[in-house]
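For reference, model_35.tsv (TSV, C-alpha atoms):
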chain	number	residue	atom	x	y	z
A	1436	MET	CA	114.87	103.15	54.03
A	1437	ALA	CA	111.55	103.98	55.63
A	1438	SER	CA	111.76	105.47	59.10
A	1439	ALA	CA	111.10	103.30	62.15
A	1440	THR	CA	110.55	106.24	64.48
A	1441	THR	CA	106.81	106.78	64.16
A	1442	ILE	CA	104.35	104.60	66.04
A	1443	GLN	CA	101.33	103.93	63.88
A	1444	GLU	CA	97.89	103.44	65.41
A	1445	PRO	CA	96.03	101.82	62.53
A	1446	LEU	CA	93.00	100.96	64.63
A	1447	ALA	CA	91.04	102.99	67.11
A	1448	VAL	CA	92.05	101.83	70.56
A	1449	ARG	CA	90.52	102.49	73.93
A	1450	GLY	CA	92.15	102.72	77.29
A	1451	PRO	CA	95.67	103.77	78.26
A	1452	ARG	CA	98.70	102.80	76.22
A	1453	LEU	CA	102.33	102.66	77.35
A	1454	ASN	CA	104.60	105.41	76.10
A	1455	ARG	CA	107.35	104.55	73.66
A	1456	PRO	CA	110.19	103.80	76.16
A	1457	ALA	CA	107.91	101.72	78.39
A	1458	ALA	CA	106.52	99.81	75.40
A	1459	PHE	CA	110.05	99.11	74.15
A	1460	ALA	CA	111.09	97.83	77.59
A	1461	SER	CA	107.96	95.64	77.79
A	1462	VAL	CA	108.63	94.04	74.41
A	1463	ALA	CA	112.25	93.39	75.43
A	1464	ALA	CA	111.06	91.76	78.68
A	1465	ILE	CA	108.62	89.51	76.80
A	1466	LEU	CA	111.42	88.49	74.41
A	1467	LEU	CA	113.62	87.67	77.40
A	1468	THR	CA	110.83	85.57	78.93
A	1469	PHE	CA	110.27	83.53	75.77
A	1470	ALA	CA	114.01	82.92	75.44
A	1471	ALA	CA	114.28	81.85	79.08
A	1472	ALA	CA	111.38	79.44	78.63
A	1473	ALA	CA	113.13	77.90	75.62
A	1474	ALA	CA	116.14	76.95	77.79
A	1475	VAL	CA	114.16	75.60	80.75
A	1476	PRO	CA	113.69	72.02	79.47
A	1477	SER	CA	117.45	71.53	78.93
A	1478	PRO	CA	118.37	70.97	82.63
A	1479	LEU	CA	115.25	68.80	82.93
A	1480	TYR	CA	116.18	66.39	80.13
A	1481	ALA	CA	118.40	64.32	82.42
A	1482	VAL	CA	115.57	64.18	84.99
A	1483	TYR	CA	113.12	62.98	82.36
A	1484	GLN	CA	115.68	60.44	81.15
A	1485	ARG	CA	116.00	59.00	84.64
A	1486	LEU	CA	112.22	58.91	85.11
A	1487	TRP	CA	111.33	57.39	81.77
A	1488	GLY	CA	114.56	55.67	80.67
A	1489	PHE	CA	114.96	57.01	77.12
A	1490	SER	CA	118.20	57.24	75.10
A	1491	ALA	CA	120.39	60.18	74.07
A	1492	ALA	CA	118.94	59.85	70.56
A	1493	THR	CA	115.40	60.23	71.96
A	1494	LEU	CA	116.59	63.24	73.97
A	1495	THR	CA	117.81	65.03	70.86
A	1496	VAL	CA	114.57	64.14	69.04
A	1497	ILE	CA	112.65	65.87	71.85
A	1498	PHE	CA	114.98	68.82	71.40
A	1499	ALA	CA	114.62	68.75	67.62
A	1500	VAL	CA	110.83	68.64	67.40
A	1501	TYR	CA	110.77	71.93	69.27
A	1502	VAL	CA	113.08	73.52	66.72
A	1503	ALA	CA	111.23	71.95	63.78
A	1504	ALA	CA	107.95	73.41	65.08
A	1505	LEU	CA	109.65	76.76	65.65
A	1506	ILE	CA	111.04	76.84	62.11
A	1507	GLY	CA	107.64	75.83	60.71
A	1508	ALA	CA	106.02	78.68	62.62
A	1509	LEU	CA	108.62	81.12	61.34
A	1510	LEU	CA	108.01	80.02	57.75
A	1511	VAL	CA	104.21	80.20	58.02
A	1512	LEU	CA	103.71	83.00	60.54
A	1513	GLY	CA	106.90	85.03	60.18
A	1514	ALA	CA	105.32	87.75	58.04
A	1515	LEU	CA	101.85	87.60	59.63
A	1516	SER	CA	102.40	90.53	61.99
A	1517	ASP	CA	103.34	92.71	59.00
A	1518	HIS	CA	99.72	92.28	57.85
A	1519	VAL	CA	97.50	91.92	60.93
A	1520	GLY	CA	99.61	93.85	63.43
A	1521	ARG	CA	102.06	92.89	66.16
A	1522	ARG	CA	99.65	92.64	69.08
A	1523	PRO	CA	97.26	89.95	67.71
A	1524	VAL	CA	100.17	87.65	66.87
A	1525	LEU	CA	101.72	88.18	70.31
A	1526	VAL	CA	98.42	87.38	72.04
A	1527	GLY	CA	98.19	84.10	70.13
A	1528	ALA	CA	101.81	83.22	70.85
A	1529	ILE	CA	101.39	83.86	74.58
A	1530	ALA	CA	98.26	81.70	74.70
A	1531	LEU	CA	100.03	78.82	72.93
A	1532	GLU	CA	103.04	79.13	75.25
A	1533	ALA	CA	100.73	78.86	78.26
A	1534	ILE	CA	99.15	75.71	76.79
A	1535	ALA	CA	102.64	74.23	76.35
A	1536	PHE	CA	103.43	74.85	80.02
A	1537	VAL	CA	100.21	73.10	81.06
A	1538	LEU	CA	101.24	70.11	78.93
A	1539	PHE	CA	104.64	70.06	80.66
A	1540	LEU	CA	102.86	70.09	84.02
A	1541	VAL	CA	100.75	67.01	83.19
A	1542	ALA	CA	103.43	65.14	81.18
A	1543	GLY	CA	103.91	61.57	82.28
A	1544	ASP	CA	105.64	60.11	79.22
A	1545	VAL	CA	107.73	61.00	76.19
A	1546	THR	CA	104.69	61.46	73.93
A	1547	THR	CA	103.25	64.28	76.04
A	1548	LEU	CA	106.70	65.82	76.40
A	1549	VAL	CA	107.11	65.84	72.63
A	1550	LEU	CA	103.66	67.42	72.21
A	1551	ALA	CA	104.53	70.11	74.76
A	1552	ARG	CA	107.75	70.91	72.91
A	1553	ILE	CA	105.92	71.14	69.57
A	1554	VAL	CA	103.37	73.60	70.96
A	1555	GLN	CA	106.15	75.58	72.60
A	1556	GLY	CA	108.06	75.65	69.31
A	1557	VAL	CA	105.09	77.08	67.42
A	1558	ALA	CA	104.52	79.70	70.12
A	1559	THR	CA	108.17	80.71	70.21
A	1560	GLY	CA	108.46	80.92	66.44
A	1561	ALA	CA	105.41	83.16	66.21
A	1562	ALA	CA	106.68	85.34	69.04
A	1563	LEU	CA	110.34	85.78	68.08
A	1564	SER	CA	109.94	87.35	64.66
A	1565	THR	CA	107.06	89.53	65.89
A	1566	LEU	CA	108.94	90.71	68.98
A	1567	GLY	CA	112.04	91.46	66.90
A	1568	ALA	CA	109.97	93.52	64.47
A	1569	ALA	CA	108.18	95.33	67.32
A	1570	LEU	CA	111.51	96.29	68.89
A	1571	ILE	CA	112.60	97.88	65.62
A	1572	ASP	CA	109.26	99.69	65.33
A	1573	LEU	CA	109.67	101.12	68.83
A	1574	ASN	CA	113.39	101.82	68.60
A	1575	PRO	CA	114.26	105.16	70.25
A	1576	ALA	CA	115.12	107.87	67.73
A	1577	HIS	CA	118.17	108.94	69.76
A	1578	ALA	CA	119.61	105.37	69.83
A	1579	PRO	CA	119.16	103.86	66.36
A	1580	GLY	CA	121.10	100.69	67.20
A	1581	ARG	CA	119.25	99.81	70.38
A	1582	ALA	CA	116.71	97.44	68.80
A	1583	GLY	CA	119.47	95.41	67.17
A	1584	LEU	CA	121.40	95.32	70.43
A	1585	ILE	CA	118.39	94.05	72.39
A	1586	SER	CA	117.51	91.57	69.62
A	1587	GLY	CA	121.01	90.13	69.99
A	1588	ILE	CA	121.32	90.26	73.79
A	1589	ALA	CA	117.83	89.30	74.98
A	1590	PRO	CA	117.65	85.79	73.44
A	1591	VAL	CA	121.14	84.88	74.66
A	1592	SER	CA	120.51	86.39	78.10
A	1593	GLY	CA	117.19	84.59	78.31
A	1594	LEU	CA	118.82	81.25	77.60
A	1595	ALA	CA	121.30	81.90	80.42
A	1596	ILE	CA	118.63	82.98	82.89
A	1597	GLY	CA	116.26	80.14	81.98
A	1598	ALA	CA	118.92	77.47	82.32
A	1599	LEU	CA	120.23	78.85	85.62
A	1600	GLY	CA	116.80	79.38	87.14
A	1601	CYS	CA	115.63	75.93	86.14
A	1602	GLY	CA	118.85	74.35	87.43
A	1603	ILE	CA	118.32	75.94	90.84
A	1604	LEU	CA	114.70	74.82	91.05
A	1605	VAL	CA	115.48	71.29	89.81
A	1606	GLU	CA	118.31	70.78	92.30
A	1607	TYR	CA	116.96	72.51	95.40
A	1608	ALA	CA	113.18	73.07	95.10
A	1609	PRO	CA	110.35	70.52	95.39
A	1610	SER	CA	108.57	69.12	92.32
A	1611	PRO	CA	111.46	69.71	89.88
A	1612	THR	CA	109.38	68.91	86.80
A	1613	HIS	CA	106.44	71.08	87.85
A	1614	LEU	CA	107.38	74.20	89.83
A	1615	VAL	CA	109.35	75.85	87.05
A	1616	PHE	CA	106.37	75.69	84.70
A	1617	VAL	CA	104.10	77.27	87.30
A	1618	VAL	CA	106.58	80.15	87.48
A	1619	LEU	CA	106.60	80.41	83.68
A	1620	LEU	CA	102.79	80.45	83.55
A	1621	LEU	CA	102.88	83.48	85.83
A	1622	GLY	CA	105.42	85.04	83.48
A	1623	MET	CA	103.07	84.52	80.52
A	1624	ALA	CA	100.22	86.10	82.50
A	1625	LEU	CA	102.37	89.19	83.03
A	1626	ALA	CA	103.32	89.19	79.33
A	1627	ALA	CA	99.63	89.13	78.37
A	1628	VAL	CA	98.98	92.14	80.60
A	1629	ALA	CA	101.90	94.00	79.01
A	1630	VAL	CA	100.64	93.31	75.48
A	1631	ALA	CA	97.27	94.76	76.45
A	1632	PHE	CA	98.96	98.12	77.04
A	1633	ILE	CA	101.50	98.12	74.17
A	1634	PRO	CA	100.52	100.40	71.26
A	1635	GLU	CA	100.08	98.73	67.88
A	1636	THR	CA	103.03	99.61	65.65
A	1637	ALA	CA	102.14	97.90	62.34
A	1638	ALA	CA	99.26	99.06	60.16
A	1639	ARG	CA	96.95	96.41	58.81
A	1640	ARG	CA	97.49	95.74	55.13
A	1641	PRO	CA	96.11	93.22	52.62
A	1642	GLY	CA	97.68	89.86	51.86
A	1643	THR	CA	97.18	88.11	55.20
A	1644	VAL	CA	96.29	84.72	53.71
A	1645	ALA	CA	99.04	84.93	51.11
A	1646	SER	CA	101.56	85.74	53.86
A	1647	LEU	CA	100.92	82.31	55.41
A	1648	LYS	CA	102.42	80.55	52.41
A	1649	PRO	CA	105.89	79.33	53.45
A	1650	ARG	CA	108.65	81.18	51.64
A	1651	LEU	CA	112.22	82.24	52.13
A	1652	GLY	CA	112.31	85.23	49.86
A	1653	VAL	CA	114.69	88.08	50.66
A	1654	PRO	CA	114.64	91.42	48.83
A	1655	ALA	CA	117.54	91.59	46.41
A	1656	ARG	CA	119.13	94.58	48.13
A	1657	LEU	CA	119.32	92.67	51.44
A	1658	ARG	CA	120.74	89.40	50.11
A	1659	PRO	CA	124.45	90.34	50.21
A	1660	ASP	CA	124.16	91.30	53.89
A	1661	LEU	CA	122.29	88.13	54.81
A	1662	LEU	CA	124.69	85.90	52.88
A	1663	ALA	CA	127.68	87.59	54.51
A	1664	LEU	CA	126.23	86.87	57.95
A	1665	THR	CA	125.10	83.28	57.31
A	1666	PRO	CA	128.42	81.47	58.03
A	1667	ILE	CA	128.80	83.05	61.47
A	1668	MET	CA	125.13	82.49	62.29
A	1669	VAL	CA	125.46	78.80	61.41
A	1670	ALA	CA	128.67	78.37	63.42
A	1671	SER	CA	127.38	80.12	66.54
A	1672	TRP	CA	123.95	78.49	66.66
A	1673	ALA	CA	125.37	75.03	65.95
A	1674	LEU	CA	127.49	75.52	69.06
A	1675	GLY	CA	124.44	76.66	71.04
A	1676	GLY	CA	122.54	73.57	69.93
A	1677	LEU	CA	125.23	71.30	71.35
A	1678	TYR	CA	125.22	73.04	74.73
A	1679	LEU	CA	121.45	73.16	75.10
A	1680	SER	CA	120.79	69.59	73.97
A	1681	LEU	CA	123.76	67.63	75.32
A	1682	GLY	CA	125.71	70.09	77.50
A	1683	PRO	CA	124.48	68.83	80.91
A	1684	SER	CA	124.90	65.22	79.77
A	1685	VAL	CA	128.50	65.88	78.68
A	1686	ALA	CA	129.21	67.54	82.04
A	1687	ALA	CA	128.00	64.41	83.82
A	1688	ASP	CA	129.52	61.83	81.47
A	1689	THR	CA	132.98	63.35	80.91
A	1690	PHE	CA	133.59	65.41	84.03
A	1691	GLY	CA	131.44	63.59	86.58
A	1692	LEU	CA	129.31	66.67	87.34
A	1693	HIS	CA	125.96	65.12	88.21
A	1694	ASN	CA	124.56	68.09	90.14
A	1695	ARG	CA	121.69	69.51	88.03
A	1696	LEU	CA	122.61	73.07	88.89
A	1697	VAL	CA	126.18	72.53	87.67
A	1698	GLY	CA	124.82	71.03	84.47
A	1699	ALA	CA	122.66	74.12	83.98
A	1700	LEU	CA	125.68	76.35	84.67
A	1701	VAL	CA	127.33	74.92	81.57
A	1702	ILE	CA	124.59	76.56	79.50
A	1703	THR	CA	124.56	79.69	81.65
A	1704	LEU	CA	128.32	80.18	81.29
A	1705	LEU	CA	128.11	80.02	77.50
A	1706	CYS	CA	125.06	82.27	77.18
A	1707	GLY	CA	126.01	84.62	80.01
A	1708	CYS	CA	129.39	85.30	78.42
A	1709	GLY	CA	127.58	85.76	75.12
A	1710	ALA	CA	125.18	88.35	76.53
A	1711	LEU	CA	127.98	90.26	78.26
A	1712	THR	CA	130.03	90.24	75.06
A	1713	SER	CA	127.11	91.61	73.03
A	1714	PHE	CA	126.71	94.46	75.49
A	1715	LEU	CA	130.41	95.33	75.68
A	1716	LEU	CA	130.82	95.31	71.88
A	1717	ARG	CA	127.65	97.31	71.17
A	1718	GLY	CA	129.56	100.32	69.76
A	1719	THR	CA	132.17	98.30	67.86
A	1720	PRO	CA	132.12	98.27	64.01
A	1721	THR	CA	130.38	95.19	62.66
A	1722	ALA	CA	133.40	93.96	60.70
A	1723	ARG	CA	135.44	93.85	63.91
A	1724	VAL	CA	132.62	92.14	65.82
A	1725	LEU	CA	132.42	89.47	63.13
A	1726	ALA	CA	136.17	88.88	63.43
A	1727	ILE	CA	135.84	88.51	67.20
A	1728	ALA	CA	132.92	86.11	66.71
A	1729	GLY	CA	134.79	83.84	64.32
A	1730	THR	CA	137.92	83.88	66.46
A	1731	GLY	CA	136.02	83.12	69.65
A	1732	LEU	CA	134.17	80.20	68.10
A	1733	THR	CA	137.34	78.76	66.59
A	1734	VAL	CA	139.50	79.16	69.69
A	1735	GLY	CA	136.69	78.02	71.98
A	1736	GLY	CA	136.16	74.90	69.91
A	1737	LEU	CA	139.86	74.04	69.96
A	1738	ILE	CA	140.16	74.58	73.72
A	1739	SER	CA	137.07	72.46	74.31
A	1740	ILE	CA	138.58	69.66	72.24
A	1741	ALA	CA	141.72	69.79	74.38
A	1742	ALA	CA	139.57	69.75	77.52
A	1743	MET	CA	137.67	66.68	76.35
A	1744	LEU	CA	140.89	64.84	75.53
A	1745	SER	CA	142.49	65.69	78.88
A	1746	GLU	CA	139.24	65.66	80.90
A	1747	ASN	CA	140.39	68.96	82.39
A	1748	LEU	CA	137.49	70.87	83.93
A	1749	LEU	CA	139.23	74.27	84.06
A	1750	LEU	CA	140.17	73.95	80.41
A	1751	ALA	CA	136.56	73.08	79.59
A	1752	ALA	CA	135.39	76.22	81.40
A	1753	ALA	CA	137.91	78.32	79.47
A	1754	GLY	CA	136.71	76.83	76.20
A	1755	THR	CA	133.10	77.61	77.12
A	1756	VAL	CA	134.00	81.22	77.94
A	1757	ALA	CA	135.82	81.67	74.61
A	1758	SER	CA	132.92	80.05	72.77
A	1759	GLY	CA	130.49	82.29	74.63
A	1760	ILE	CA	132.39	85.36	73.48
A	1761	GLY	CA	132.06	84.13	69.90
A	1762	PHE	CA	128.39	83.27	70.41
A	1763	GLY	CA	127.53	86.72	71.75
A	1764	ALA	CA	129.54	88.61	69.15
A	1765	ALA	CA	127.86	86.63	66.38
A	1766	ALA	CA	124.38	87.42	67.75
A	1767	LEU	CA	125.19	91.13	67.99
A	1768	ALA	CA	126.66	91.35	64.50
A	1769	SER	CA	123.92	89.39	62.77
A	1770	PHE	CA	120.74	90.65	64.42
A	1771	GLY	CA	122.12	94.16	64.84
A	1772	THR	CA	122.85	94.42	61.14
A	1773	LEU	CA	119.49	93.00	60.07
A	1774	ALA	CA	117.63	95.36	62.41
A	1775	ARG	CA	119.43	98.30	60.85
A	1776	ILE	CA	118.90	97.49	57.17
A	1777	ALA	CA	115.25	96.35	57.11
A	1778	ALA	CA	112.41	98.64	56.06
A	1779	PRO	CA	109.24	98.53	58.21
A	1780	HIS	CA	107.27	96.25	55.84
A	1781	GLU	CA	110.23	93.82	55.60
A	1782	ARG	CA	111.00	93.40	59.29
A	1783	GLY	CA	108.81	90.47	60.24
A	1784	GLU	CA	109.79	88.39	57.23
A	1785	LEU	CA	113.51	89.22	57.38
A	1786	MET	CA	113.75	88.41	61.09
A	1787	ALA	CA	111.89	85.15	60.41
A	1788	ILE	CA	114.36	84.13	57.71
A	1789	ALA	CA	117.34	84.94	59.91
A	1790	LEU	CA	115.83	82.90	62.72
A	1791	VAL	CA	115.12	79.97	60.36
A	1792	ILE	CA	118.80	79.88	59.42
A	1793	SER	CA	119.84	80.15	63.06
A	1794	TYR	CA	117.52	77.48	64.41
A	1795	ALA	CA	118.19	75.06	61.56
A	1796	ALA	CA	121.87	75.27	62.53
A	1797	PHE	CA	120.79	74.99	66.17
A	1798	SER	CA	118.92	71.71	65.69
A	1799	VAL	CA	120.19	69.62	62.77
A	1800	PRO	CA	123.77	69.10	64.07
A	1801	ALA	CA	122.43	68.42	67.57
A	1802	VAL	CA	120.12	65.67	66.28
A	1803	ILE	CA	122.98	64.10	64.33
A	1804	ALA	CA	125.07	64.26	67.50
A	1805	GLY	CA	122.34	62.55	69.49
A	1806	VAL	CA	122.18	59.68	66.99
A	1807	LEU	CA	125.96	59.37	66.87
A	1808	ALA	CA	126.17	59.35	70.66
A	1809	GLY	CA	124.21	56.10	70.68
A	1810	GLU	CA	126.58	54.58	68.13
A	1811	ILE	CA	130.05	55.82	69.04
A	1812	GLY	CA	129.55	57.26	72.53
A	1813	LEU	CA	128.93	60.74	73.89
A	1814	HIS	CA	132.63	61.52	74.44
A	1815	LEU	CA	133.75	60.91	70.85
A	1816	THR	CA	130.62	62.57	69.48
A	1817	THR	CA	131.34	65.74	71.44
A	1818	LEU	CA	134.93	65.75	70.22
A	1819	LEU	CA	133.78	65.54	66.60
A	1820	TYR	CA	131.20	68.24	67.21
A	1821	GLY	CA	133.87	70.54	68.68
A	1822	ILE	CA	136.04	70.00	65.62
A	1823	GLY	CA	133.07	70.84	63.41
A	1824	VAL	CA	132.37	74.10	65.25
A	1825	ALA	CA	136.05	75.11	65.05
A	1826	VAL	CA	136.04	74.46	61.30
A	1827	LEU	CA	132.83	76.48	60.90
A	1828	GLY	CA	134.45	79.35	62.80
A	1829	ILE	CA	137.42	79.30	60.43
A	1830	LEU	CA	135.07	79.26	57.43
A	1831	ALA	CA	133.16	82.22	58.88
A	1832	LEU	CA	136.40	84.18	59.20
A	1833	ALA	CA	137.36	83.24	55.65
A	1834	ALA	CA	133.95	84.32	54.34
A	1835	GLN	CA	134.46	87.78	55.79
A	1836	GLY	CA	138.03	87.95	54.52
A	1837	LEU	CA	136.84	87.28	50.98
A	1838	ARG	CA	134.65	90.39	51.05
A	1839	PRO	CA	136.95	93.38	50.43
A	1840	ARG	CA	134.06	95.81	50.84
A	1841	PRO	CA	131.41	94.03	52.92
A	1842	ALA	CA	127.83	95.25	52.81
A	1843	VAL	CA	127.65	94.94	56.58
A	1844	SER	CA	129.51	97.70	58.37
Render the structure in this file as structure tokens.
Amino acid sequence: MASATTIQEPLAVRGPRLNRPAAFASVAAILLTFAAAAAVPSPLYAVYQRLWGFSAATLTVIFAVYVAALIGALLVLGALSDHVGRRPVLVGAIALEAIAFVLFLVAGDVTTLVLARIVQGVATGAALSTLGAALIDLNPAHAPGRAGLISGIAPVSGLAIGALGCGILVEYAPSPTHLVFVVLLLGMALAAVAVAFIPETAARRPGTVASLKPRLGVPARLRPDLLALTPIMVASWALGGLYLSLGPSVAADTFGLHNRLVGALVITLLCGCGALTSFLLRGTPTARVLAIAGTGLTVGGLISIAAMLSENLLLAAAGTVASGIGFGAAALASFGTLARIAAPHERGELMAIALVISYAAFSVPAVIAGVLAGEIGLHLTTLLYGIGVAVLGILALAAQGLRPRPAVS
């Protein structure tokens, strides 16, 4: 595998540049900011529903268009930074994200909200694969697993921080549908400043236009690893999709928790436990982490089913904690492995493909759940969803058990 320890400066640059540790930290902070911004609309959905009177099905459509745009961006732009460099793609992604926040600020109906989510999805898709590749490029030589660790922890941590921060502002601050986006605009301004000082880590190479053609190709040597990780990625992100799309609504409908901060805490508990789990398991062999992930998702799903049937709040919290452990372990095992096995020229595309798998699992079941909720009710829909996640967790464990000598280690 080609080394990821040398920063390339393919173009002559003027002005100061951050050193390697500072550049790595800056990229991690930008990734955290994008992930936090992705979670911000979730606590606001119930507010928008009350203001504009749309259904649960419409809510999940608003959620899904974001993911569809994100996946489209990953397919079209996922390998772009491998050809034009990391910094130009990041500048474009930050600009689009800022435009999305302006659209949120002026939104007065569902149409504008949908447009804002589409623009945000494109920006996030362009940013995620590029930031993941940049982290690997800048990975410290003395800590070869750090990029994978941050790639697993930062998105999950960002979701927790974004949901919690938005919940606080929505419940206790003025202008609940506006102030949070002003804060995020300031965050994007800081991200733009950081990118201006980050050294370029990817040399320009031909094939820019061809790289925009959507494809899901994976080098043959990497396919066994990706296939081994796919079941756990699908199980964990399907669970995340439920929490981020319908979690606050379930808290209100089943457990009578109408406080917006409490609704946001549902998401924060899942993602916070996930981030902590990723950190605590950072030195654990991948095979063991995968086993913990599958077990956590299965047990968490079963406990959550019991909580829904009994309407027991403490049991629901326990199920969320167990699910969060599985969610975090899955993120660490999957993104950590992919960060370790990819060569420099494969990083953008491989991260894009992994994210396509993750976000497809994140969105499609959630949309189905939103449609079903209008037909059979939110309570029964959530029960069925919990059963589905538990089954996926069992399948993920079985998939690992069928590999006597797994490629991931």
Would you give me, as JSON lines, each residue of stretch 1578-1616 of chain A having an atom within 12 Å of an atom of stretch 1783-1791 of chain A, along with its shortest atom pair and that distance in Å to one decimal, using all atoms listed in the file and sorting by chain and residue number?
{"residue": "A:Gly1583", "atom": "CA", "partner": "A:Met1786", "partner_atom": "CA", "distance": 10.9}
{"residue": "A:Ser1586", "atom": "CA", "partner": "A:Met1786", "partner_atom": "CA", "distance": 9.8}
{"residue": "A:Gly1587", "atom": "CA", "partner": "A:Leu1790", "partner_atom": "CA", "distance": 11.5}
{"residue": "A:Pro1590", "atom": "CA", "partner": "A:Leu1790", "partner_atom": "CA", "distance": 11.3}
Next item on the list: Considering all atoms listed in the file, return as a ChimeraX atom specification whatever protein or nucleic-acid residues lie within 10 Å of stretch 1513-1521 of chain A, sequence-local ones (same chain, fewer than 2 positions apart) excluded.
Entry: /A:1444-1446,1506-1511,1523-1526,1560-1566,1568-1569,1572,1630,1633-1650,1779-1788,1790-1791
Checklist line | Between atom CA of A:Ser1798 and atom CA of A:Gly1771 - distance in Å to one decimal | finding: 22.7 Å
Next item on the list: Could you tell me how far atom CA of A:Gly1675 lies from atom CA of A:Ile1702, in Å and to one decimal?
Entry: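 Here the two named atoms are 8.5 Å from each other.
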Notebook entry, point to check: Skipping near chain neighbours, those fewer than 2 positions away, what residues fall within 8 Å of A:Gly1809 using only C-alpha atoms, listed as a PyMOL selection string?
Noted result: chain A and resi 1490-1492+1805-1807+1811-1813
Only C-alpha atoms, please: the residues just picked out, written as a compact mmCIF listing (two decimals), keeping the file's coordinate frame.
# COMPACT_ATOMS: atom_id res chain seq x y z
CA SER A 1490 118.20 57.24 75.10
CA ALA A 1491 120.39 60.18 74.07
CA ALA A 1492 118.94 59.85 70.56
CA GLY A 1805 122.34 62.55 69.49
CA VAL A 1806 122.18 59.68 66.99
CA LEU A 1807 125.96 59.37 66.87
CA ILE A 1811 130.05 55.82 69.04
CA GLY A 1812 129.55 57.26 72.53
CA LEU A 1813 128.93 60.74 73.89
Checklist line | Neighbour list for A:Ala1558 as a ChimeraX atom specification, cut-off 6 Å, only C-alpha atoms, skip fewer than 2 positions in-chain | finding: /A:1528,1531-1532,1555-1556,1560-1561
Can you spit out the residues from that selection as a tab-separated table (two decimals), in the frame of the given file, using C-alpha atoms?
chain	number	residue	atom	x	y	z
A	1528	ALA	CA	101.81	83.22	70.85
A	1531	LEU	CA	100.03	78.82	72.93
A	1532	GLU	CA	103.04	79.13	75.25
A	1555	GLN	CA	106.15	75.58	72.60
A	1556	GLY	CA	108.06	75.65	69.31
A	1560	GLY	CA	108.46	80.92	66.44
A	1561	ALA	CA	105.41	83.16	66.21
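With only C-alpha atoms as the basis for measurement, A:Ala1473 is the residue among A:Ala1473, A:Ala1598, A:Ala1831, A:Ala1753 that approaches A:Ala1551 most closely.
Among the candidates A:Arg1522, A:Arg1581, A:Arg1695, A:Arg1656, the one nearest to A:Tyr1607 when counting all atoms listed in the file is A:Arg1695.
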Checklist line | Pick from A:Ala1582, A:Ala1471, A:Val1482, A:Leu1819 nearest to A:Cys1706, counting all atoms listed in the file | finding: A:Ala1471
Item checked: 9 Å contact set for A:Leu1620, only C-alpha atoms, chain neighbours under 6 positions out, as a PyMOL selection string -> chain A and resi 1532-1533+1536-1537
Note to self: With distances taken over all atoms listed in the file, which residue among A:Val1824, A:Val1653, A:Leu1704, A:Ile1667 lies nearest A:Ala1777?
What the structure shows: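 Using all atoms listed in the file, the shortest distance to A:Ala1777 belongs to A:Val1653.
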Note to self: Measuring between all atoms listed in the file, which one of A:Val1669, A:Ile1596, A:Val1618, A:Val1628 shows the shortest distance to A:Leu1830?
What the structure shows: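 Using all atoms listed in the file, A:Leu1830 sits closest to A:Val1669.
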Check: Just how far from atom CA of A:Val1802 is atom CA of A:Phe1498, in Å to one decimal?
Finding: 7.9 Å
Note to self: For a quick check of understanding, using all atoms listed in the file, which of A:Leu1604, A:Leu1815, A:Ile1585, A:Val1826 has the smallest distance to A:Gly1763?
What the structure shows: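 Selected residue with least distance to A:Gly1763: A:Ile1585.
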With 4 Å of padding per side, what axis-aligned box (centre and edge lengths, Å, one decimal) covers all the listed atoms of stretch 1656-1668 of chain A? Give it as lines of an AutoDock Vina configuration file.
center_x = 124.0
center_y = 88.0
center_z = 55.2
size_x = 17.7
size_y = 21.1
size_z = 22.2
